[in-house]
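Peer 1: For reference, the file upload_4.tsv (TSV, C-alpha atoms) is included below:
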```tsv
chain	number	residue	atom	x	y	z
U	1	MET	CA	51.49	-33.79	-10.47
U	2	LEU	CA	52.76	-30.24	-10.98
U	3	PRO	CA	56.34	-29.80	-9.70
U	4	GLY	CA	56.21	-27.83	-6.46
U	5	TRP	CA	52.58	-28.73	-5.70
U	6	LYS	CA	53.45	-30.98	-2.76
U	7	ARG	CA	54.83	-27.98	-0.83
U	8	LYS	CA	51.78	-25.86	-1.68
U	9	TYR	CA	49.46	-28.62	-0.50
U	10	SER	CA	51.40	-28.94	2.75
U	11	ASP	CA	50.89	-25.20	3.35
U	12	ILE	CA	47.13	-25.58	2.72
U	13	LEU	CA	46.87	-28.45	5.21
U	14	LYS	CA	48.57	-26.35	7.89
U	15	GLU	CA	46.65	-23.12	7.25
U	16	PHE	CA	43.18	-24.71	7.19
U	17	ARG	CA	43.94	-27.57	9.60
U	18	TYR	CA	42.85	-30.20	7.09
U	19	GLU	CA	43.78	-33.86	7.37
U	20	GLU	CA	45.52	-35.44	4.40
U	21	LYS	CA	44.19	-38.79	5.62
U	22	LYS	CA	40.61	-37.56	5.03
U	23	ASP	CA	41.50	-36.23	1.57
U	24	LYS	CA	42.97	-39.61	0.66
U	25	GLU	CA	39.92	-41.44	2.02
U	26	SER	CA	37.65	-39.28	-0.12
U	27	ALA	CA	39.81	-39.86	-3.21
U	28	ILE	CA	39.68	-43.64	-2.70
U	29	ILE	CA	35.88	-43.54	-2.51
U	30	LEU	CA	35.63	-41.38	-5.64
U	31	ASN	CA	37.99	-43.71	-7.48
U	32	SER	CA	35.77	-46.68	-6.62
U	33	ILE	CA	32.73	-44.91	-8.10
U	34	LEU	CA	34.33	-43.69	-11.32
U	35	LYS	CA	34.32	-45.89	-14.40
U	36	LYS	CA	37.19	-46.25	-16.85
U	37	SER	CA	36.73	-43.64	-19.56
U	38	ASP	CA	38.41	-41.50	-22.21
U	39	ILE	CA	37.43	-38.23	-20.51
U	40	TYR	CA	41.07	-37.23	-19.97
U	41	GLU	CA	41.73	-37.47	-23.69
U	42	LYS	CA	38.49	-35.57	-24.42
U	43	ILE	CA	39.62	-32.69	-22.21
U	44	MET	CA	43.01	-32.65	-23.92
U	45	ASN	CA	41.33	-32.41	-27.33
U	46	LEU	CA	39.10	-29.58	-26.10
U	47	VAL	CA	41.76	-27.51	-24.35
U	48	GLU	CA	45.18	-27.99	-25.94
U	49	ALA	CA	46.35	-24.94	-27.90
U	50	LYS	CA	42.93	-23.27	-27.46
U	51	THR	CA	41.71	-20.07	-25.81
U	52	VAL	CA	39.87	-21.05	-22.63
U	53	LEU	CA	37.48	-18.90	-20.59
U	54	VAL	CA	37.54	-19.73	-16.86
U	55	ILE	CA	34.51	-18.47	-14.94
U	56	GLY	CA	34.24	-17.92	-11.18
U	57	SER	CA	31.42	-16.56	-9.03
U	58	GLY	CA	32.98	-13.32	-7.83
U	59	PRO	CA	31.15	-9.96	-7.76
U	60	SER	CA	32.16	-9.12	-11.34
U	61	LEU	CA	30.31	-12.15	-12.74
U	62	THR	CA	27.13	-10.06	-13.02
U	63	SER	CA	28.75	-7.64	-15.47
U	64	ALA	CA	30.58	-10.47	-17.25
U	65	ILE	CA	27.49	-12.47	-18.20
U	66	PRO	CA	26.31	-10.22	-21.08
U	67	LYS	CA	29.85	-10.40	-22.50
U	68	LEU	CA	30.07	-14.18	-22.12
U	69	LYS	CA	26.91	-14.54	-24.20
U	70	ASN	CA	28.90	-13.22	-27.16
U	71	TYR	CA	31.32	-16.14	-26.97
U	72	LYS	CA	29.06	-19.17	-27.11
U	73	LYS	CA	31.54	-21.12	-29.25
U	74	SER	CA	34.47	-20.44	-26.92
U	75	LEU	CA	35.53	-23.18	-24.52
U	76	LYS	CA	34.29	-22.44	-21.01
U	77	ILE	CA	35.44	-23.91	-17.70
U	78	ALA	CA	33.19	-22.89	-14.80
U	79	ALA	CA	33.44	-23.15	-11.03
U	80	ASP	CA	30.29	-24.85	-9.76
U	81	SER	CA	29.12	-21.82	-7.75
U	82	SER	CA	28.73	-19.93	-11.04
U	83	ILE	CA	26.74	-22.52	-12.97
U	84	LYS	CA	23.21	-21.63	-11.80
U	85	ILE	CA	23.32	-18.05	-13.09
U	86	LEU	CA	25.22	-19.14	-16.22
U	87	VAL	CA	22.62	-21.75	-17.16
U	88	GLU	CA	19.80	-19.31	-16.41
U	89	ASN	CA	21.39	-17.03	-19.00
U	90	GLY	CA	21.79	-19.75	-21.61
U	91	ILE	CA	25.52	-20.23	-21.04
U	92	ILE	CA	26.38	-23.93	-20.77
U	93	PRO	CA	29.93	-24.65	-19.53
U	94	ASP	CA	31.94	-27.24	-21.43
U	95	ILE	CA	33.73	-28.22	-18.22
U	96	ILE	CA	32.51	-27.84	-14.63
U	97	VAL	CA	35.05	-27.84	-11.81
U	98	THR	CA	33.22	-28.92	-8.68
U	99	ASP	CA	33.43	-30.37	-5.20
U	100	LEU	CA	29.64	-30.87	-5.47
U	101	ASP	CA	28.52	-27.98	-3.28
U	102	GLY	CA	27.02	-25.95	-6.14
U	103	ASP	CA	23.30	-25.60	-6.90
U	104	GLU	CA	21.95	-29.14	-6.74
U	105	ASP	CA	19.22	-28.74	-9.35
U	106	THR	CA	21.61	-27.21	-11.88
U	107	LEU	CA	24.19	-29.91	-11.21
U	108	LYS	CA	21.53	-32.55	-11.88
U	109	LYS	CA	20.54	-30.92	-15.17
U	110	LEU	CA	24.10	-30.63	-16.40
U	111	ALA	CA	24.98	-34.15	-15.25
U	112	LYS	CA	22.85	-35.50	-18.09
U	113	THR	CA	24.49	-33.35	-20.78
U	114	LYS	CA	27.80	-33.59	-22.63
U	115	SER	CA	29.38	-31.14	-20.14
U	116	ILE	CA	32.41	-32.69	-18.46
U	117	PHE	CA	32.50	-32.71	-14.66
U	118	VAL	CA	35.88	-32.49	-12.94
U	119	VAL	CA	34.88	-33.69	-9.48
U	120	HIS	CA	37.23	-32.94	-6.62
U	121	ALA	CA	37.48	-35.30	-3.65
U	122	HIS	CA	38.38	-33.85	-0.25
U	123	GLY	CA	37.75	-34.62	3.39
U	124	ASP	CA	34.56	-32.58	3.64
U	125	ASN	CA	32.56	-33.94	0.69
U	126	ILE	CA	32.69	-37.71	1.16
U	127	LYS	CA	28.91	-37.95	1.65
U	128	LYS	CA	28.26	-36.06	-1.60
U	129	LEU	CA	30.31	-38.35	-3.83
U	130	GLU	CA	27.35	-40.68	-4.50
U	131	PHE	CA	26.11	-37.98	-6.89
U	132	VAL	CA	28.95	-38.93	-9.26
U	133	LYS	CA	26.95	-42.02	-10.27
U	134	LYS	CA	24.46	-39.66	-11.97
U	135	ILE	CA	27.07	-37.86	-14.08
U	136	LYS	CA	27.41	-38.79	-17.73
U	137	ASN	CA	30.96	-37.45	-18.25
U	138	CYS	CA	33.23	-37.30	-15.22
U	139	ILE	CA	36.86	-37.29	-14.15
U	140	GLY	CA	38.17	-37.24	-10.56
U	141	THR	CA	40.77	-35.08	-8.82
U	142	THR	CA	42.54	-34.81	-5.49
U	143	GLN	CA	44.84	-32.34	-3.73
U	144	SER	CA	46.90	-35.26	-2.49
U	145	ILE	CA	48.82	-37.95	-4.40
U	146	PRO	CA	47.09	-38.97	-7.67
U	147	PHE	CA	46.45	-42.64	-8.42
U	148	ASP	CA	44.49	-44.87	-10.81
U	149	LYS	CA	41.50	-42.78	-12.06
U	150	ILE	CA	42.24	-39.84	-9.72
U	151	HIS	CA	44.29	-36.90	-11.04
U	152	ASN	CA	45.99	-33.90	-9.48
U	153	PHE	CA	46.17	-30.86	-11.78
U	154	GLY	CA	46.83	-28.43	-8.91
U	155	GLY	CA	44.69	-25.69	-7.38
U	156	PHE	CA	42.59	-25.26	-4.25
U	157	THR	CA	39.22	-23.55	-4.79
U	158	ASP	CA	36.95	-24.53	-7.70
U	159	GLY	CA	37.89	-21.29	-9.48
U	160	ASP	CA	41.65	-21.56	-9.38
U	161	ARG	CA	41.47	-25.32	-10.01
U	162	GLY	CA	39.82	-24.42	-13.32
U	163	VAL	CA	42.87	-22.35	-14.23
U	164	PHE	CA	45.28	-25.09	-13.17
U	165	LEU	CA	43.23	-27.52	-15.26
U	166	ALA	CA	43.56	-25.32	-18.36
U	167	ASN	CA	47.29	-25.02	-17.71
U	168	HIS	CA	47.72	-28.79	-17.35
U	169	PHE	CA	46.02	-29.41	-20.67
U	170	LYS	CA	48.19	-26.78	-22.37
U	171	ALA	CA	45.71	-24.03	-23.20
U	172	LYS	CA	47.18	-21.34	-25.42
U	173	LYS	CA	45.34	-18.51	-23.64
U	174	ILE	CA	43.42	-18.47	-20.35
U	175	VAL	CA	40.96	-15.62	-19.75
U	176	LEU	CA	39.34	-15.15	-16.34
U	177	PHE	CA	35.78	-13.91	-15.69
U	178	GLY	CA	34.21	-13.38	-12.26
U	179	MET	CA	37.49	-14.28	-10.54
U	180	ASP	CA	37.94	-11.32	-8.18
U	181	PHE	CA	39.79	-12.76	-5.17
U	182	GLY	CA	39.14	-9.61	-3.15
U	183	ASP	CA	37.54	-8.85	0.20
U	184	ARG	CA	34.03	-9.12	-1.24
U	185	ILE	CA	32.29	-12.45	-1.74
U	186	GLY	CA	30.11	-12.79	-4.83
U	187	LYS	CA	26.39	-13.26	-4.19
U	188	PHE	CA	26.36	-16.38	-6.36
U	189	SER	CA	28.68	-18.27	-3.99
U	190	LYS	CA	25.89	-18.50	-1.35
U	191	THR	CA	28.41	-18.20	1.49
U	192	LYS	CA	26.91	-18.23	4.98
U	193	LYS	CA	27.93	-15.45	7.39
U	194	SER	CA	29.53	-18.04	9.67
U	195	GLU	CA	31.72	-19.20	6.77
U	196	ARG	CA	32.75	-15.75	5.56
U	197	LYS	CA	36.14	-15.64	7.30
U	198	THR	CA	37.16	-19.05	5.96
U	199	LYS	CA	35.89	-18.16	2.48
U	200	LEU	CA	38.04	-15.03	2.39
U	201	MET	CA	41.04	-17.08	3.52
U	202	LYS	CA	40.36	-19.53	0.69
U	203	LEU	CA	40.14	-16.73	-1.85
U	204	LYS	CA	43.45	-15.31	-0.64
U	205	ARG	CA	45.06	-18.72	-0.94
U	206	GLY	CA	43.53	-19.24	-4.40
U	207	LYS	CA	44.95	-15.93	-5.60
U	208	SER	CA	48.43	-16.75	-4.29
U	209	LEU	CA	48.33	-20.08	-6.10
U	210	LEU	CA	47.41	-18.37	-9.38
U	211	GLU	CA	50.30	-15.93	-8.92
U	212	TRP	CA	52.59	-18.92	-8.45
U	213	LEU	CA	51.15	-20.65	-11.52
U	214	ALA	CA	51.69	-17.48	-13.56
U	215	SER	CA	55.42	-17.73	-12.85
U	216	ILE	CA	55.72	-21.23	-14.35
U	217	THR	CA	52.98	-21.65	-16.98
U	218	LYS	CA	53.48	-21.45	-20.73
U	219	SER	CA	49.88	-20.29	-21.28
U	220	GLU	CA	49.10	-16.62	-21.91
U	221	LEU	CA	47.11	-15.32	-18.93
U	222	PHE	CA	44.43	-12.61	-18.89
U	223	THR	CA	41.81	-11.43	-16.41
U	224	THR	CA	38.72	-9.25	-16.81
U	225	SER	CA	38.35	-9.25	-13.03
U	226	LYS	CA	40.53	-7.77	-10.28
U	227	PRO	CA	44.28	-7.62	-11.03
U	228	ILE	CA	46.31	-10.77	-10.35
U	229	LYS	CA	50.11	-10.69	-10.54
U	230	GLY	CA	51.22	-12.43	-13.74
U	231	PHE	CA	47.85	-11.98	-15.48
U	232	ARG	CA	47.30	-9.18	-17.96
U	233	LYS	CA	44.32	-7.08	-16.84
U	234	ILE	CA	42.05	-6.42	-19.83
U	235	SER	CA	38.79	-4.55	-20.40
U	236	TYR	CA	35.69	-6.09	-21.96
U	237	LYS	CA	36.40	-4.00	-25.07
U	238	GLU	CA	39.64	-5.95	-25.61
U	239	LEU	CA	37.98	-9.37	-25.57
U	240	ASP	CA	37.50	-9.70	-29.34
U	241	ILE	CA	41.24	-9.21	-29.81
U	242	ILE	CA	42.18	-11.73	-27.10
U	243	ILE	CA	39.53	-14.39	-27.75
U	244	THR	CA	40.27	-15.60	-31.27
```
Spit out the file's structure as structure tokens when you get a sec.

Peer 2:
Amino acid sequence: MLPGWKRKYSDILKEFRYEEKKDKESAIILNSILKKSDIYEKIMNLVEAKTVLVIGSGPSLTSAIPKLKNYKKSLKIAADSSIKILVENGIIPDIIVTDLDGDEDTLKKLAKTKSIFVVHAHGDNIKKLEFVKKIKNCIGTTQSIPFDKIHNFGGFTDGDRGVFLANHFKAKKIVLFGMDFGDRIGKFSKTKKSERKTKLMKLKRGKSLLEWLASITKSELFTTSKPIKGFRKISYKELDIIIT
């Protein structure tokens, strides 16, 4: 577990009034479903010392998609709210960071492929964990204490967890797409009006976690989206220089 994460997790529990007991219960259930595998080692082989593209579902994803099509051979980690539009545009993520609330049909399609699912267990998705049985390549995560087949790489939302994942597996460069963390919610996230306030709070928390990560990571950090402290803001024209 990342040094300092315990304090960050405690802050999340207080801000969102979550119960650690529920998170642990969910993690135990996920652990019972997962089979022993070499997925951890596979992710390490994919990510270590590589340039990794991490894709969220913020407003800038629309403009990012034509650019992402130019980097089909680059390693892509995608938040599950972005996968429907990515797949529709022929962009298949190598790794999907998900708490299983993304587009169900797209999740089912990708579950049968070589894409690796990093499934997050928390108190609100216990009923969805049965879906894990359908996934060909899967590893489990928690925000709480890791154990057995359950890992904790850090992060809160699917998007920032993707960045923490790339950091954990020692990516050389991490480049963000569609990760805006502003006061606008991307249309691909399918957020209900009643959930808007909480979603914006989550985005704010996700951004603060990335700023913290930027202060301790050894990876080079870049963003094509809205500025994030510790990440170098780049234009699409600079991508060929960065993504090598």

Peer 1: So, counting all atoms listed in the file, which residue among U:Gly90, U:Gly123, U:Leu2, U:Asp180 is closest to U:Pro66?

Peer 2: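 Closest to U:Pro66, using all atoms listed in the file: U:Gly90.
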
Peer 1: Could you pull the residues within 12 Å of U:Ser10, counting only C-alpha atoms, minus those fewer than 2 positions along the same chain, as a short mmCIF file (atom, residue, chain, number, x, y, z; two decimals) with C-alpha atoms, keeping the file's coordinate frame?

Peer 2:
```cif
data_model
loop_
_atom_site.label_atom_id
_atom_site.label_comp_id
_atom_site.auth_asym_id
_atom_site.auth_seq_id
_atom_site.Cartn_x
_atom_site.Cartn_y
_atom_site.Cartn_z
CA GLY U 4 56.21 -27.83 -6.46
CA TRP U 5 52.58 -28.73 -5.70
CA LYS U 6 53.45 -30.98 -2.76
CA ARG U 7 54.83 -27.98 -0.83
CA LYS U 8 51.78 -25.86 -1.68
CA ILE U 12 47.13 -25.58 2.72
CA LEU U 13 46.87 -28.45 5.21
CA LYS U 14 48.57 -26.35 7.89
CA GLU U 15 46.65 -23.12 7.25
CA PHE U 16 43.18 -24.71 7.19
CA ARG U 17 43.94 -27.57 9.60
CA TYR U 18 42.85 -30.20 7.09
CA GLU U 19 43.78 -33.86 7.37
CA GLU U 20 45.52 -35.44 4.40
CA GLN U 143 44.84 -32.34 -3.73
CA SER U 144 46.90 -35.26 -2.49
CA ILE U 145 48.82 -37.95 -4.40
CA PHE U 156 42.59 -25.26 -4.25
#
```

Peer 1: Within 10 Å of stretch 37-47 of chain U, counting all atoms listed in the file, which residues show up once you throw out same-chain ones fewer than 2 positions away? Write them as an mmCIF file with C-alpha atoms, keeping the file's coordinate frame, please.

Peer 2:
```cif
data_model
loop_
_atom_site.group_PDB
_atom_site.id
_atom_site.type_symbol
_atom_site.label_atom_id
_atom_site.label_comp_id
_atom_site.auth_asym_id
_atom_site.auth_seq_id
_atom_site.Cartn_x
_atom_site.Cartn_y
_atom_site.Cartn_z
ATOM 1 C CA LEU U 34 34.330 -43.690 -11.320
ATOM 2 C CA LYS U 35 34.320 -45.890 -14.400
ATOM 3 C CA ALA U 49 46.350 -24.940 -27.900
ATOM 4 C CA LYS U 50 42.930 -23.270 -27.460
ATOM 5 C CA THR U 51 41.710 -20.070 -25.810
ATOM 6 C CA VAL U 52 39.870 -21.050 -22.630
ATOM 7 C CA LEU U 75 35.530 -23.180 -24.520
ATOM 8 C CA LYS U 76 34.290 -22.440 -21.010
ATOM 9 C CA ILE U 77 35.440 -23.910 -17.700
ATOM 10 C CA ASP U 94 31.940 -27.240 -21.430
ATOM 11 C CA ILE U 95 33.730 -28.220 -18.220
ATOM 12 C CA ILE U 116 32.410 -32.690 -18.460
ATOM 13 C CA PHE U 117 32.500 -32.710 -14.660
ATOM 14 C CA VAL U 118 35.880 -32.490 -12.940
ATOM 15 C CA ASN U 137 30.960 -37.450 -18.250
ATOM 16 C CA CYS U 138 33.230 -37.300 -15.220
ATOM 17 C CA ILE U 139 36.860 -37.290 -14.150
ATOM 18 C CA GLY U 140 38.170 -37.240 -10.560
ATOM 19 C CA LYS U 149 41.500 -42.780 -12.060
ATOM 20 C CA HIS U 151 44.290 -36.900 -11.040
ATOM 21 C CA LEU U 165 43.230 -27.520 -15.260
ATOM 22 C CA ALA U 166 43.560 -25.320 -18.360
ATOM 23 C CA ASN U 167 47.290 -25.020 -17.710
ATOM 24 C CA HIS U 168 47.720 -28.790 -17.350
ATOM 25 C CA PHE U 169 46.020 -29.410 -20.670
ATOM 26 C CA LYS U 170 48.190 -26.780 -22.370
ATOM 27 C CA ALA U 171 45.710 -24.030 -23.200
ATOM 28 C CA LYS U 172 47.180 -21.340 -25.420
ATOM 29 C CA LYS U 173 45.340 -18.510 -23.640
#
```

Peer 1: Would you work out the distance separating atom CA of U:Leu213 from atom CA of U:Phe153, expressed in Å to one decimal?

Peer 2: 11.4 Å

Peer 1: By how many Å are atom CA of U:Ile28 and atom CA of U:Ser115 apart?

Peer 2: 23.8 Å

Peer 1: What is the atom CA of U:Ile91 to atom CA of U:Lys67 distance in Å?

Peer 2: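 Value for the atom CA of U:Ile91-atom CA of U:Lys67 distance: 10.8 Å.
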
Peer 1: Which residue gives the smallest distance to U:Pro93 among U:Asp124, U:Val163, U:Thr223, U:Leu53, with all atoms listed in the file counted?

Peer 2: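 Of U:Asp124, U:Val163, U:Thr223, U:Leu53, the one nearest U:Pro93, counting all atoms listed in the file, is U:Leu53.
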
Peer 1: When distances are computed from only C-alpha atoms, which of U:Ile135, U:Ile92, U:Ile65, U:Ile241 shows the smallest separation from U:Gly178?

Peer 2: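 The closest residue to U:Gly178 is U:Ile65.
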
Peer 1: With distances taken over only C-alpha atoms, which of U:Thr198, U:Thr224, U:Thr113, U:Ser26 is nearest to U:Ser63?

Peer 2: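 Of the candidates, the smallest distance to U:Ser63 is held by U:Thr224.
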
Peer 1: Write out all heavy atoms for stretch 66-77 of chain U, as a CSV table (one decimal), in the coordinates of the input.

Peer 2:
```
chain,number,residue,atom,x,y,z
U,66,PRO,N,26.7,-10.7,-19.7
U,66,PRO,CA,26.3,-10.2,-21.1
U,66,PRO,C,27.5,-10.4,-22.1
U,66,PRO,O,27.2,-10.6,-23.3
U,66,PRO,CB,26.0,-8.7,-20.9
U,66,PRO,CG,25.6,-8.7,-19.4
U,66,PRO,CD,26.5,-9.6,-18.7
U,67,LYS,N,28.7,-10.2,-21.6
U,67,LYS,CA,29.8,-10.4,-22.5
U,67,LYS,C,30.1,-11.9,-22.9
U,67,LYS,O,30.4,-12.2,-24.0
U,67,LYS,CB,31.1,-9.8,-21.8
U,67,LYS,CG,31.0,-8.4,-21.3
U,67,LYS,CD,30.6,-7.4,-22.3
U,67,LYS,CE,30.3,-6.1,-21.7
U,67,LYS,NZ,29.9,-5.1,-22.8
U,68,LEU,N,29.9,-12.8,-21.9
U,68,LEU,CA,30.1,-14.2,-22.1
U,68,LEU,C,29.1,-14.7,-23.2
U,68,LEU,O,29.4,-15.6,-23.9
U,68,LEU,CB,29.9,-15.0,-20.8
U,68,LEU,CG,31.1,-14.8,-19.8
U,68,LEU,CD1,30.7,-15.3,-18.4
U,68,LEU,CD2,32.3,-15.6,-20.3
U,69,LYS,N,27.9,-14.1,-23.2
U,69,LYS,CA,26.9,-14.5,-24.2
U,69,LYS,C,27.4,-14.4,-25.6
U,69,LYS,O,26.9,-15.0,-26.6
U,69,LYS,CB,25.6,-13.8,-24.0
U,69,LYS,CG,24.8,-14.2,-22.8
U,69,LYS,CD,23.5,-13.3,-22.7
U,69,LYS,CE,22.7,-13.8,-21.5
U,69,LYS,NZ,21.4,-13.0,-21.4
U,70,ASN,N,28.4,-13.5,-25.8
U,70,ASN,CA,28.9,-13.2,-27.2
U,70,ASN,C,29.9,-14.3,-27.6
U,70,ASN,O,30.4,-14.3,-28.8
U,70,ASN,CB,29.6,-11.8,-27.2
U,70,ASN,CG,28.6,-10.7,-27.0
U,70,ASN,OD1,27.4,-10.8,-27.3
U,70,ASN,ND2,29.1,-9.6,-26.4
U,71,TYR,N,30.3,-15.2,-26.7
U,71,TYR,CA,31.3,-16.1,-27.0
U,71,TYR,C,30.8,-17.6,-26.7
U,71,TYR,O,31.5,-18.4,-26.1
U,71,TYR,CB,32.6,-15.8,-26.1
U,71,TYR,CG,33.1,-14.5,-26.4
U,71,TYR,CD1,32.9,-13.4,-25.5
U,71,TYR,CD2,33.9,-14.2,-27.5
U,71,TYR,CE1,33.3,-12.1,-25.8
U,71,TYR,CE2,34.3,-12.9,-27.8
U,71,TYR,CZ,34.1,-11.9,-26.9
U,71,TYR,OH,34.5,-10.6,-27.2
U,72,LYS,N,29.7,-17.9,-27.3
U,72,LYS,CA,29.1,-19.2,-27.1
U,72,LYS,C,29.9,-20.3,-27.7
U,72,LYS,O,29.8,-21.4,-27.2
U,72,LYS,CB,27.7,-19.2,-27.7
U,72,LYS,CG,26.7,-18.3,-27.0
U,72,LYS,CD,25.2,-18.6,-27.4
U,72,LYS,CE,24.3,-17.8,-26.5
U,72,LYS,NZ,22.9,-18.0,-26.8
U,73,LYS,N,30.7,-20.1,-28.7
U,73,LYS,CA,31.5,-21.1,-29.2
U,73,LYS,C,32.9,-21.3,-28.5
U,73,LYS,O,33.6,-22.2,-28.8
U,73,LYS,CB,31.8,-20.8,-30.7
U,73,LYS,CG,30.5,-21.0,-31.6
U,73,LYS,CD,30.8,-20.8,-33.1
U,73,LYS,CE,29.5,-20.9,-33.9
U,73,LYS,NZ,29.8,-20.7,-35.3
U,74,SER,N,33.2,-20.4,-27.6
U,74,SER,CA,34.5,-20.4,-26.9
U,74,SER,C,34.4,-21.5,-25.8
U,74,SER,O,33.3,-21.7,-25.2
U,74,SER,CB,34.8,-19.1,-26.3
U,74,SER,OG,35.0,-18.1,-27.3
U,75,LEU,N,35.5,-22.2,-25.6
U,75,LEU,CA,35.5,-23.2,-24.5
U,75,LEU,C,35.4,-22.5,-23.1
U,75,LEU,O,36.2,-21.6,-22.8
U,75,LEU,CB,36.8,-24.0,-24.6
U,75,LEU,CG,37.0,-25.1,-23.6
U,75,LEU,CD1,36.0,-26.3,-24.0
U,75,LEU,CD2,38.4,-25.6,-23.6
U,76,LYS,N,34.5,-23.0,-22.3
U,76,LYS,CA,34.3,-22.4,-21.0
U,76,LYS,C,34.5,-23.5,-19.9
U,76,LYS,O,33.9,-24.5,-19.9
U,76,LYS,CB,32.9,-21.8,-20.9
U,76,LYS,CG,32.6,-20.7,-21.9
U,76,LYS,CD,31.2,-20.3,-21.9
U,76,LYS,CE,30.9,-19.4,-23.1
U,76,LYS,NZ,30.9,-20.2,-24.4
U,77,ILE,N,35.3,-23.1,-18.9
U,77,ILE,CA,35.4,-23.9,-17.7
U,77,ILE,C,34.8,-23.1,-16.6
U,77,ILE,O,35.2,-21.9,-16.4
U,77,ILE,CB,36.9,-24.2,-17.4
U,77,ILE,CG1,37.6,-25.0,-18.5
U,77,ILE,CG2,37.1,-24.9,-16.1
U,77,ILE,CD1,39.1,-25.2,-18.4
```
